[in-house]
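Shown next, in structure tokens, is the structure this report addresses.
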Amino acid sequence: MDTNRSEDKVDEGRGLRIGVIGGAGWLGGAIATAVLDAGIAAPSDLALSYRRQRPDRFPGAFWTTDNQALADRSDVIVLSVRPADWQPLAVDAKDKLVISVMAGIRLSALCAQHRTHRAVRTLPNAAAEVRKSYTPWIASDGAGADDRRIVRAIFGACGVEDEVRSEAEIDYLTGLTGSGPAFPALLAEAMMADAVAHGLDPEVARRAVNTVLVGAGRLLERRDDCPAETVRTFLDYRGTTAAAIEAMNSAGFGIAVARGLTAAFEKSARMGKTP
């Protein structure tokens, strides 16, 4: 692919052909939607693959069960499949830009399996659906400046993106941000269960908990403070929130979070080892 032409296409929002292997899935579909909404590609330049039933989405896009056909008609190939399903995915990229959103799979393995020198490991999360994903990424040595511009355009459309320094950082961020939306949901589940146990109506408890977490996220986004500063503000006030924070910390809240992130990091590292 002529990467200078690709840069022009990103800037002008026309003609960049993007294929999403696994486009029928939650994350693949969210990325495709973001790409279309941002004008990075037109529906006619979007190719998506599915395994069983063709989804009724993205009118004008090319849908297929043949992943090689998708790759052949694309300039950029996004791999949005489970790591466990990647090993048998025999797709020859013919040195096109390959972008993986899979946890654990190393750049060297991506390049070798898909016959390309231009590979990028990314780790968006489920919040891409609402354009609030945090996506760290790292590119192979063969990826050029224009390839990086394409990656920034795609994942900037999904939220916030950062090029990181090493694959080890991607592995760590697998837990911190890749799994990130699950953690507030886990906290919400525990809070709601406690509220119901104290006699609140489940619907009232659900609305209360969801609103608290959504509001907290928006507050952190707007103020852009270090979270420790927000916690310190509540602790210094010495009210009910301080009592709750101290009780949670005494029960090992911070230790539990650290153990969870370590478990995710170790799992990512194991997934990247060849069998």
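The chains in the structure tokens are called A, B, ... from first to last as shown; in each chain the residues are counted from 1, and the ligands are counted from 1 in the order shown.
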
Each region 199-261 of chain A residue no farther than 12 Å from region 129-148 of chain A, nearest pair in Å, only C-alpha atoms, as JSON lines:
```
{"residue": "A:Gly217", "atom": "CA", "partner": "A:Lys132", "partner_atom": "CA", "distance": 10.6}
{"residue": "A:Arg218", "atom": "CA", "partner": "A:Lys132", "partner_atom": "CA", "distance": 10.9}
{"residue": "A:Glu221", "atom": "CA", "partner": "A:Lys132", "partner_atom": "CA", "distance": 10.5}
```

task = Would you mind listing what lies within 12 Å of Glu189 (chain A) as a count of residues only, with only C-alpha atoms counted and same-chain residues fewer than 6 positions away left out?
result = 12

Would you kindly return, as a PDB file with all heavy atoms, in the first residue's frame, each protein, DNA or RNA residue with an atom no farther than 7 Å from any atom of region 32-37 of chain A, considering only C-alpha atoms and excluding same-chain residues fewer than 3 positions away?
```
ATOM      1  N   GLY A  28     -15.280  -5.210  17.622  1.00  0.00           N
ATOM      2  CA  GLY A  28     -15.088  -4.959  16.197  1.00  0.00           C
ATOM      3  C   GLY A  28     -16.162  -4.051  15.630  1.00  0.00           C
ATOM      4  O   GLY A  28     -15.879  -3.138  14.838  1.00  0.00           O
ATOM      5  N   GLY A  29     -17.403  -4.267  16.050  1.00  0.00           N
ATOM      6  CA  GLY A  29     -18.494  -3.422  15.598  1.00  0.00           C
ATOM      7  C   GLY A  29     -18.373  -1.999  16.110  1.00  0.00           C
ATOM      8  O   GLY A  29     -18.691  -1.037  15.398  1.00  0.00           O
ATOM      9  N   ILE A  40     -13.429   8.360   8.580  1.00  0.00           N
ATOM     10  CA  ILE A  40     -12.141   7.784   8.203  1.00  0.00           C
ATOM     11  C   ILE A  40     -12.303   6.872   6.987  1.00  0.00           C
ATOM     12  O   ILE A  40     -11.404   6.747   6.160  1.00  0.00           O
ATOM     13  CB  ILE A  40     -11.538   7.019   9.401  1.00  0.00           C
ATOM     14  CG1 ILE A  40     -11.252   7.997  10.548  1.00  0.00           C
ATOM     15  CG2 ILE A  40     -10.262   6.284   9.009  1.00  0.00           C
ATOM     16  CD1 ILE A  40     -10.929   7.316  11.853  1.00  0.00           C
ATOM     17  N   ALA A  41     -13.448   6.221   6.913  1.00  0.00           N
ATOM     18  CA  ALA A  41     -13.768   5.374   5.760  1.00  0.00           C
ATOM     19  C   ALA A  41     -15.251   5.508   5.459  1.00  0.00           C
ATOM     20  O   ALA A  41     -16.055   5.767   6.361  1.00  0.00           O
ATOM     21  CB  ALA A  41     -13.405   3.921   6.040  1.00  0.00           C
ATOM     22  N   ALA A  42     -15.595   5.332   4.208  1.00  0.00           N
ATOM     23  CA  ALA A  42     -16.994   5.301   3.787  1.00  0.00           C
ATOM     24  C   ALA A  42     -17.514   3.876   3.942  1.00  0.00           C
ATOM     25  O   ALA A  42     -16.734   2.911   3.952  1.00  0.00           O
ATOM     26  CB  ALA A  42     -17.113   5.753   2.338  1.00  0.00           C
ATOM     27  N   PRO A  43     -18.828   3.680   4.061  1.00  0.00           N
ATOM     28  CA  PRO A  43     -19.363   2.320   4.173  1.00  0.00           C
ATOM     29  C   PRO A  43     -18.894   1.402   3.052  1.00  0.00           C
ATOM     30  O   PRO A  43     -18.602   0.229   3.293  1.00  0.00           O
ATOM     31  CB  PRO A  43     -20.882   2.547   4.131  1.00  0.00           C
ATOM     32  CG  PRO A  43     -21.072   3.912   4.684  1.00  0.00           C
ATOM     33  CD  PRO A  43     -19.894   4.704   4.201  1.00  0.00           C
ATOM     34  N   ILE A 154      -7.878   6.021  13.874  1.00  0.00           N
ATOM     35  CA  ILE A 154      -8.881   5.006  14.201  1.00  0.00           C
ATOM     36  C   ILE A 154      -9.194   5.010  15.689  1.00  0.00           C
ATOM     37  O   ILE A 154     -10.365   5.048  16.100  1.00  0.00           O
ATOM     38  CB  ILE A 154      -8.404   3.611  13.750  1.00  0.00           C
ATOM     39  CG1 ILE A 154      -8.377   3.533  12.220  1.00  0.00           C
ATOM     40  CG2 ILE A 154      -9.316   2.511  14.324  1.00  0.00           C
ATOM     41  CD1 ILE A 154      -7.765   2.248  11.673  1.00  0.00           C
ATOM     42  N   ALA A 157     -10.743   8.101  17.231  1.00  0.00           N
ATOM     43  CA  ALA A 157     -12.187   8.116  17.013  1.00  0.00           C
ATOM     44  C   ALA A 157     -12.924   7.295  18.068  1.00  0.00           C
ATOM     45  O   ALA A 157     -14.123   7.495  18.294  1.00  0.00           O
ATOM     46  CB  ALA A 157     -12.511   7.581  15.623  1.00  0.00           C
ATOM     47  N   CYS A 158     -12.208   6.360  18.707  1.00  0.00           N
ATOM     48  CA  CYS A 158     -12.813   5.507  19.749  1.00  0.00           C
ATOM     49  C   CYS A 158     -12.677   6.098  21.146  1.00  0.00           C
ATOM     50  O   CYS A 158     -13.265   5.560  22.098  1.00  0.00           O
ATOM     51  CB  CYS A 158     -12.151   4.125  19.742  1.00  0.00           C
ATOM     52  SG  CYS A 158     -12.418   3.186  18.226  1.00  0.00           S
TER      53      CYS A 158
END
```

Kindly provide the residues of region 143-214 of chain A that approach region 99-109 of chain A to within 12 Å, each paired with its closest atom pair and their distance in Å to one decimal, based on only C-alpha atoms, listed by chain and increasing number, as JSON lines.
```
{"residue": "A:Ala143", "atom": "CA", "partner": "A:Ile99", "partner_atom": "CA", "distance": 10.6}
{"residue": "A:Asp147", "atom": "CA", "partner": "A:Ile99", "partner_atom": "CA", "distance": 9.9}
{"residue": "A:Arg148", "atom": "CA", "partner": "A:Ile99", "partner_atom": "CA", "distance": 10.6}
{"residue": "A:Ile150", "atom": "CA", "partner": "A:Ile99", "partner_atom": "CA", "distance": 10.1}
{"residue": "A:Val151", "atom": "CA", "partner": "A:Ile99", "partner_atom": "CA", "distance": 8.0}
{"residue": "A:Arg152", "atom": "CA", "partner": "A:Ile99", "partner_atom": "CA", "distance": 11.5}
{"residue": "A:Ile154", "atom": "CA", "partner": "A:Ile99", "partner_atom": "CA", "distance": 10.3}
{"residue": "A:Phe155", "atom": "CA", "partner": "A:Val101", "partner_atom": "CA", "distance": 10.6}
{"residue": "A:Ser166", "atom": "CA", "partner": "A:Leu107", "partner_atom": "CA", "distance": 10.7}
{"residue": "A:Glu167", "atom": "CA", "partner": "A:Arg106", "partner_atom": "CA", "distance": 7.5}
{"residue": "A:Ala168", "atom": "CA", "partner": "A:Gly104", "partner_atom": "CA", "distance": 9.8}
{"residue": "A:Glu169", "atom": "CA", "partner": "A:Gly104", "partner_atom": "CA", "distance": 11.2}
{"residue": "A:Ile170", "atom": "CA", "partner": "A:Gly104", "partner_atom": "CA", "distance": 8.4}
{"residue": "A:Asp171", "atom": "CA", "partner": "A:Gly104", "partner_atom": "CA", "distance": 6.6}
{"residue": "A:Tyr172", "atom": "CA", "partner": "A:Gly104", "partner_atom": "CA", "distance": 10.1}
{"residue": "A:Leu173", "atom": "CA", "partner": "A:Ala103", "partner_atom": "CA", "distance": 9.7}
{"residue": "A:Thr174", "atom": "CA", "partner": "A:Ala103", "partner_atom": "CA", "distance": 6.6}
{"residue": "A:Gly175", "atom": "CA", "partner": "A:Ala103", "partner_atom": "CA", "distance": 9.7}
{"residue": "A:Thr177", "atom": "CA", "partner": "A:Ala103", "partner_atom": "CA", "distance": 11.5}
{"residue": "A:Gly178", "atom": "CA", "partner": "A:Ala103", "partner_atom": "CA", "distance": 8.3}
{"residue": "A:Ser179", "atom": "CA", "partner": "A:Ala103", "partner_atom": "CA", "distance": 10.1}
```

Residue selection dump (all heavy atoms) as a compact mmCIF listing (two decimals), in the first residue's frame:
```txt
# COMPACT_ATOMS: atom_id res chain seq x y z
N ALA A 143 6.59 -0.56 10.73
CA ALA A 143 5.48 0.38 10.58
C ALA A 143 6.04 1.80 10.50
O ALA A 143 6.88 2.21 11.30
CB ALA A 143 4.52 0.26 11.75
N ASP A 147 1.60 4.90 8.91
CA ASP A 147 0.85 3.84 9.60
C ASP A 147 0.43 4.32 10.98
O ASP A 147 -0.71 4.06 11.42
CB ASP A 147 1.72 2.58 9.74
CG ASP A 147 2.03 1.93 8.40
OD1 ASP A 147 1.20 2.04 7.48
OD2 ASP A 147 3.10 1.32 8.29
N ARG A 148 1.31 5.01 11.67
CA ARG A 148 0.98 5.52 13.00
C ARG A 148 -0.15 6.54 12.94
O ARG A 148 -1.00 6.60 13.83
CB ARG A 148 2.23 6.12 13.65
CG ARG A 148 3.22 5.07 14.13
CD ARG A 148 4.51 5.71 14.63
NE ARG A 148 5.29 4.79 15.44
CZ ARG A 148 6.09 3.85 14.94
NH1 ARG A 148 6.22 3.72 13.62
NH2 ARG A 148 6.76 3.05 15.75
N ILE A 150 -2.60 6.50 10.86
CA ILE A 150 -3.83 5.73 10.68
C ILE A 150 -4.29 5.17 12.02
O ILE A 150 -5.48 5.24 12.36
CB ILE A 150 -3.61 4.60 9.65
CG1 ILE A 150 -3.40 5.19 8.26
CG2 ILE A 150 -4.79 3.64 9.65
CD1 ILE A 150 -2.95 4.19 7.21
N VAL A 151 -3.36 4.62 12.79
CA VAL A 151 -3.71 4.07 14.10
C VAL A 151 -4.27 5.16 15.00
O VAL A 151 -5.30 4.97 15.68
CB VAL A 151 -2.47 3.41 14.75
CG1 VAL A 151 -2.78 2.98 16.18
CG2 VAL A 151 -2.02 2.21 13.93
N ARG A 152 -3.62 6.32 15.01
CA ARG A 152 -4.12 7.42 15.85
C ARG A 152 -5.51 7.87 15.42
O ARG A 152 -6.37 8.19 16.25
CB ARG A 152 -3.14 8.59 15.79
CG ARG A 152 -1.82 8.33 16.48
CD ARG A 152 -0.98 9.61 16.60
NE ARG A 152 0.32 9.31 17.18
CZ ARG A 152 1.45 9.20 16.48
NH1 ARG A 152 1.43 9.38 15.16
NH2 ARG A 152 2.58 8.90 17.08
N ILE A 154 -7.88 6.02 13.87
CA ILE A 154 -8.88 5.01 14.20
C ILE A 154 -9.19 5.01 15.69
O ILE A 154 -10.37 5.05 16.10
CB ILE A 154 -8.40 3.61 13.75
CG1 ILE A 154 -8.38 3.53 12.22
CG2 ILE A 154 -9.32 2.51 14.32
CD1 ILE A 154 -7.76 2.25 11.67
N PHE A 155 -8.16 4.98 16.52
CA PHE A 155 -8.42 4.84 17.95
C PHE A 155 -8.66 6.17 18.64
O PHE A 155 -9.24 6.21 19.73
CB PHE A 155 -7.31 4.01 18.59
CG PHE A 155 -7.32 2.60 18.09
CD1 PHE A 155 -6.41 2.18 17.12
CD2 PHE A 155 -8.29 1.71 18.51
CE1 PHE A 155 -6.46 0.90 16.60
CE2 PHE A 155 -8.35 0.43 17.99
CZ PHE A 155 -7.44 0.02 17.03
N SER A 166 6.80 -0.11 25.19
CA SER A 166 7.18 -1.51 25.11
C SER A 166 5.96 -2.41 25.15
O SER A 166 4.87 -2.00 25.58
CB SER A 166 8.10 -1.88 26.29
OG SER A 166 7.36 -1.87 27.51
N GLU A 167 6.15 -3.64 24.70
CA GLU A 167 5.06 -4.61 24.77
C GLU A 167 4.75 -5.00 26.22
O GLU A 167 3.61 -5.38 26.52
CB GLU A 167 5.40 -5.84 23.93
CG GLU A 167 5.43 -5.53 22.43
CD GLU A 167 5.42 -6.77 21.57
OE1 GLU A 167 4.35 -7.40 21.43
OE2 GLU A 167 6.50 -7.12 21.04
N ALA A 168 5.73 -4.89 27.11
CA ALA A 168 5.47 -5.15 28.52
C ALA A 168 4.44 -4.15 29.07
O ALA A 168 3.59 -4.51 29.90
CB ALA A 168 6.76 -5.07 29.33
N GLU A 169 4.51 -2.90 28.59
CA GLU A 169 3.53 -1.91 29.03
C GLU A 169 2.13 -2.26 28.52
O GLU A 169 1.14 -2.10 29.23
CB GLU A 169 3.94 -0.52 28.57
CG GLU A 169 5.17 0.01 29.29
CD GLU A 169 5.47 1.47 28.96
OE1 GLU A 169 4.77 2.06 28.13
OE2 GLU A 169 6.42 2.01 29.56
N ILE A 170 2.06 -2.77 27.29
CA ILE A 170 0.76 -3.22 26.77
C ILE A 170 0.23 -4.36 27.63
O ILE A 170 -0.96 -4.40 27.96
CB ILE A 170 0.89 -3.68 25.30
CG1 ILE A 170 1.17 -2.49 24.38
CG2 ILE A 170 -0.37 -4.41 24.86
CD1 ILE A 170 -0.02 -1.65 24.03
N ASP A 171 1.10 -5.29 27.99
CA ASP A 171 0.66 -6.42 28.81
C ASP A 171 0.11 -5.94 30.15
O ASP A 171 -0.91 -6.44 30.63
CB ASP A 171 1.81 -7.40 29.03
CG ASP A 171 2.15 -8.21 27.79
OD1 ASP A 171 1.25 -8.42 26.96
OD2 ASP A 171 3.31 -8.63 27.65
N TYR A 172 0.78 -4.98 30.77
CA TYR A 172 0.28 -4.47 32.05
C TYR A 172 -1.06 -3.75 31.85
O TYR A 172 -2.00 -3.95 32.63
CB TYR A 172 1.29 -3.51 32.70
CG TYR A 172 0.70 -2.87 33.94
CD1 TYR A 172 0.59 -3.59 35.12
CD2 TYR A 172 0.20 -1.58 33.90
CE1 TYR A 172 0.00 -3.04 36.24
CE2 TYR A 172 -0.39 -1.01 35.01
CZ TYR A 172 -0.48 -1.74 36.18
OH TYR A 172 -1.09 -1.18 37.28
N LEU A 173 -1.15 -2.96 30.81
CA LEU A 173 -2.37 -2.20 30.57
C LEU A 173 -3.54 -3.07 30.16
O LEU A 173 -4.70 -2.62 30.16
CB LEU A 173 -2.11 -1.12 29.52
CG LEU A 173 -1.27 0.06 30.03
CD1 LEU A 173 -0.73 0.89 28.87
CD2 LEU A 173 -2.07 0.93 30.98
N THR A 174 -3.27 -4.35 29.84
CA THR A 174 -4.35 -5.30 29.58
C THR A 174 -5.33 -5.31 30.74
O THR A 174 -6.55 -5.34 30.54
CB THR A 174 -3.79 -6.71 29.35
OG1 THR A 174 -2.98 -6.70 28.19
CG2 THR A 174 -4.90 -7.73 29.18
N GLY A 175 -4.81 -5.30 31.95
CA GLY A 175 -5.67 -5.28 33.13
C GLY A 175 -6.16 -3.90 33.47
O GLY A 175 -7.34 -3.69 33.74
N THR A 177 -6.48 -0.98 31.76
CA THR A 177 -7.42 -0.28 30.88
C THR A 177 -8.19 -1.23 29.95
O THR A 177 -9.35 -0.98 29.65
CB THR A 177 -6.69 0.76 30.01
OG1 THR A 177 -5.71 0.11 29.17
CG2 THR A 177 -5.99 1.78 30.89
N GLY A 178 -7.54 -2.30 29.50
CA GLY A 178 -8.24 -3.23 28.62
C GLY A 178 -9.43 -3.88 29.31
O GLY A 178 -10.50 -4.03 28.73
N SER A 179 -9.23 -4.24 30.56
CA SER A 179 -10.32 -4.81 31.35
C SER A 179 -11.06 -3.75 32.15
O SER A 179 -12.04 -4.05 32.84
CB SER A 179 -9.76 -5.85 32.34
OG SER A 179 -8.99 -6.83 31.68
```

### Query
When you draw a straight line from CA of Ala47 (chain A) to CA of Lys94 (chain A), how long is it in Å?
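Answer for the CA of Ala47 (chain A) to CA of Lys94 (chain A) separation: 16.9 Å.
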
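CA of Pro181 (chain A) lies 20.5 Å from CA of Gly23 (chain A).
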
* Every residue of region 29-256 of chain A that DSSP places in helix (DSSP H, G or I), as a ChimeraX atom specification -> /A:29-37,43-45,67-72,83-86,107-114,126-130,145-156,167-178,182-197,202-223,227-237,240-250,253-256

- Which distance in Å separates CA of Ser44 (chain A) and CA of Phe62 (chain A), to one decimal?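 Distance between the two atoms: 7.0 Å.
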
In terms of only C-alpha atoms, the residue from A:Leu46, A:Ala71, A:Ala244, A:His114 at minimal distance from Pro88 (chain A) is A:His114

- Query: Do you know which residues are at most 7 Å from Leu97 (chain A) counting only C-alpha atoms, after dropping those on the same chain fewer than 6 positions away, and could you put them as an MDAnalysis selection string?
  - Reply: chainID A and resid 75:77 118:119

Could you save those same residues with N, CA and C atoms as a PDB file, in the first residue's frame?
```pdb
ATOM      1  N   ASP A  75      -6.887  -2.072   2.744  1.00  0.00           N
ATOM      2  CA  ASP A  75      -5.571  -1.461   2.936  1.00  0.00           C
ATOM      3  C   ASP A  75      -5.071  -1.692   4.352  1.00  0.00           C
ATOM      4  N   VAL A  76      -6.010  -1.725   5.296  1.00  0.00           N
ATOM      5  CA  VAL A  76      -5.709  -1.897   6.719  1.00  0.00           C
ATOM      6  C   VAL A  76      -6.568  -3.044   7.226  1.00  0.00           C
ATOM      7  N   ILE A  77      -5.948  -3.975   7.943  1.00  0.00           N
ATOM      8  CA  ILE A  77      -6.660  -5.157   8.442  1.00  0.00           C
ATOM      9  C   ILE A  77      -6.659  -5.122   9.964  1.00  0.00           C
ATOM     10  N   ARG A 118       4.483  -4.704   8.957  1.00  0.00           N
ATOM     11  CA  ARG A 118       3.761  -3.538   9.474  1.00  0.00           C
ATOM     12  C   ARG A 118       2.624  -4.008  10.372  1.00  0.00           C
ATOM     13  N   ALA A 119       2.944  -4.188  11.649  1.00  0.00           N
ATOM     14  CA  ALA A 119       1.950  -4.668  12.608  1.00  0.00           C
ATOM     15  C   ALA A 119       1.880  -3.713  13.789  1.00  0.00           C
TER      16      ALA A 119
END
```

Backbone DSSP call of strand (DSSP E) for region 30-166 of chain A, listed as an NGL selection string: :A and (46-49 or 62-64 or 76-79 or 97-100 or 119-122 or 133-139 or 159-163)

Using only C-alpha atoms, the residue out of A:Ala153, A:Val91, A:Leu176, A:Ala242 with shortest distance to Ala112 (chain A) is A:Val91
